[in-house]
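Trainee: Right, I'll just put the structure down here and ask away after.
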Amino acid sequence: MTKQKSFKRLVRRRMEKTGESYTTARAMILAASEPADVEVPQLVASDEVIRRRTGRGWEEWFDLLDSWGALERTHRDISTKVAAELGIDPLAWNAQAVTTSYERARGVRAVGQRADGLFAASASKTVGVAVGDLFDAFVDDDRRGKWLSDDRLSLRTATRHRTARFDWSDDGSRVLVTFNEKSPTKSMVSVEHTRLADDGVADEMRTLWRSGLERLKEFLENG
């Protein structure tokens with residue numbers, strides 16, 4: 001099999017849409033840079049980020065999945081394969097990011113669309129506080145109300161300082177929040193809002209979470 005078959009296909013698709021050279025299109029894809037007013041498949045994160053978090057860059061991941069025959073596999077199969085390579089849960093951000101990006105590149109999935117045909121929205125933020133403070137700001141109803149203006153969360157389960165799962169109102173959607181300690185005084189929160197009906201709702205929730213996490217950062221860092 002030709003090396004980088006899927007990644008090269010993604011680069012050429014961008015070239016067709018933007019008129020960029022191969023070198024420029026490749027660099028923009030690896031930087032996760034979205035061109036203005038042009039719909040092209042976009043990777044979940046930059047090559048720098050995915051390499052730091054998984055030990056492989058995008059081209060290496062695409063080669064591995066191509067060789068394994070991922071195009072003929074389900075989303076669950078691919079995420080399980082990626083998770084096994086990393087020694088993590090298939091639902092973890094790293095596994096889902098690699099799987100979703102690969103499926104976008106192959107034209108299997110629209111941005112935000114999941115394996116069940118429903119959509120998802122995500123957002124993340126690094127905050128200059130201990131991970132325990134960040135966790136409490138999400139799980140404690142009173143503290144959450146101070147930064148999340150449209151709070152329709154109902155806690156389902158939580159693992160302290162690691163994850164929290166919520167129902168969102170009564171629309172059947174779910175919210176998974178993951179917490180990662182970067183240092184004793186810095187931590188990162190990642191929000192994945194799933195089971196959304198369409199891309200319009202996903203855009204709305206993406207905007208809500210991005211602005212919400214900005215307010216969360218200000219609330220925790222500035223009081």
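Letters A, B, ... mark the chains of the structure tokens in the order given; residue numbers begin at 1 per chain; ligand numbers begin at 1, in order shown.
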Which residues of segment 66-122 of chain A have any atom within 10 Å of an atom in segment 9-17 of chain A when counting only C-alpha atoms, and what is the closest pair of atoms for each, with the distance in Å to one decimal? Order the rows by chain and rising number and write it as CSV.
Mentor:
```
residue,atom,partner,partner_atom,distance
A:Tyr102,CA,A:Leu10,CA,9.5
A:Arg104,CA,A:Leu10,CA,8.8
A:Ala105,CA,A:Leu10,CA,5.3
A:Arg106,CA,A:Leu10,CA,7.3
A:Gly107,CA,A:Leu10,CA,9.0
```
Trainee: Print the selection's residues with all heavy atoms to a file, as a PDB file, in the first residue's frame.
Mentor:
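What ended up in result-v8.pdb:
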```pdb
ATOM      1  N   TYR A 102      -9.437  10.729  11.184  1.00  0.00           N
ATOM      2  CA  TYR A 102      -9.237   9.780  10.090  1.00  0.00           C
ATOM      3  C   TYR A 102     -10.519   9.637   9.265  1.00  0.00           C
ATOM      4  O   TYR A 102     -10.491   9.649   8.030  1.00  0.00           O
ATOM      5  CB  TYR A 102      -8.817   8.424  10.646  1.00  0.00           C
ATOM      6  CG  TYR A 102      -8.560   7.387   9.577  1.00  0.00           C
ATOM      7  CD1 TYR A 102      -7.340   7.337   8.919  1.00  0.00           C
ATOM      8  CD2 TYR A 102      -9.544   6.468   9.220  1.00  0.00           C
ATOM      9  CE1 TYR A 102      -7.099   6.397   7.920  1.00  0.00           C
ATOM     10  CE2 TYR A 102      -9.315   5.522   8.226  1.00  0.00           C
ATOM     11  CZ  TYR A 102      -8.091   5.496   7.585  1.00  0.00           C
ATOM     12  OH  TYR A 102      -7.866   4.566   6.588  1.00  0.00           O
ATOM     13  N   ARG A 104     -12.966  11.801   8.961  1.00  0.00           N
ATOM     14  CA  ARG A 104     -13.193  13.034   8.201  1.00  0.00           C
ATOM     15  C   ARG A 104     -12.336  13.041   6.933  1.00  0.00           C
ATOM     16  O   ARG A 104     -12.797  13.415   5.849  1.00  0.00           O
ATOM     17  CB  ARG A 104     -12.847  14.248   9.049  1.00  0.00           C
ATOM     18  CG  ARG A 104     -13.835  14.570  10.150  1.00  0.00           C
ATOM     19  CD  ARG A 104     -13.363  15.794  10.916  1.00  0.00           C
ATOM     20  NE  ARG A 104     -14.183  16.054  12.091  1.00  0.00           N
ATOM     21  CZ  ARG A 104     -13.932  16.995  12.983  1.00  0.00           C
ATOM     22  NH1 ARG A 104     -12.857  17.758  12.838  1.00  0.00           N
ATOM     23  NH2 ARG A 104     -14.719  17.177  14.018  1.00  0.00           N
ATOM     24  N   ALA A 105     -11.084  12.640   7.079  1.00  0.00           N
ATOM     25  CA  ALA A 105     -10.168  12.643   5.942  1.00  0.00           C
ATOM     26  C   ALA A 105     -10.637  11.705   4.839  1.00  0.00           C
ATOM     27  O   ALA A 105     -10.460  11.989   3.652  1.00  0.00           O
ATOM     28  CB  ALA A 105      -8.768  12.253   6.398  1.00  0.00           C
ATOM     29  N   ARG A 106     -11.250  10.605   5.223  1.00  0.00           N
ATOM     30  CA  ARG A 106     -11.725   9.633   4.241  1.00  0.00           C
ATOM     31  C   ARG A 106     -13.124   9.932   3.735  1.00  0.00           C
ATOM     32  O   ARG A 106     -13.674   9.197   2.938  1.00  0.00           O
ATOM     33  CB  ARG A 106     -11.680   8.223   4.838  1.00  0.00           C
ATOM     34  CG  ARG A 106     -10.290   7.703   5.182  1.00  0.00           C
ATOM     35  CD  ARG A 106      -9.320   7.805   4.014  1.00  0.00           C
ATOM     36  NE  ARG A 106      -9.800   7.166   2.808  1.00  0.00           N
ATOM     37  CZ  ARG A 106      -9.204   6.148   2.206  1.00  0.00           C
ATOM     38  NH1 ARG A 106      -8.093   5.646   2.720  1.00  0.00           N
ATOM     39  NH2 ARG A 106      -9.683   5.639   1.110  1.00  0.00           N
ATOM     40  N   GLY A 107     -13.718  11.034   4.207  1.00  0.00           N
ATOM     41  CA  GLY A 107     -15.042  11.418   3.742  1.00  0.00           C
ATOM     42  C   GLY A 107     -16.157  10.595   4.328  1.00  0.00           C
ATOM     43  O   GLY A 107     -17.292  10.615   3.836  1.00  0.00           O
TER      44      GLY A 107
END
```
Trainee: Going by DSSP on the backbone, which residues of segment 26-164 of chain A come out as alpha helix (DSSP H)? List them as a PyMOL selection string.
Mentor: chain A and resi 26-30+47-54+58-68+75-86+93-105+131-139+141-144
Trainee: What lies within 8 Å of Glu221 of chain A using only C-alpha atoms, ignoring chain neighbours under 4 positions off, as number ranges by chain?
Mentor: A: 127-129, 217
Trainee: Find the residues near Ala97 of chain A: any atom within 12 Å, counting only C-alpha atoms, skip ones fewer than 3 places away on the same chain, and give them as a PyMOL selection string.
Mentor: chain A and resi 42-47+49-51+53-54+58+61+75+78-79+82-83+90-94+100-104+111-112+114+122+192
Trainee: Given the choices A:Glu214, A:Asp142, A:Ala121, A:Asp151, which gets closest to Ala202 of chain A if the distance is worked out from only C-alpha atoms?
Mentor: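 Selected residue with least distance to Ala202 of chain A: A:Ala121.
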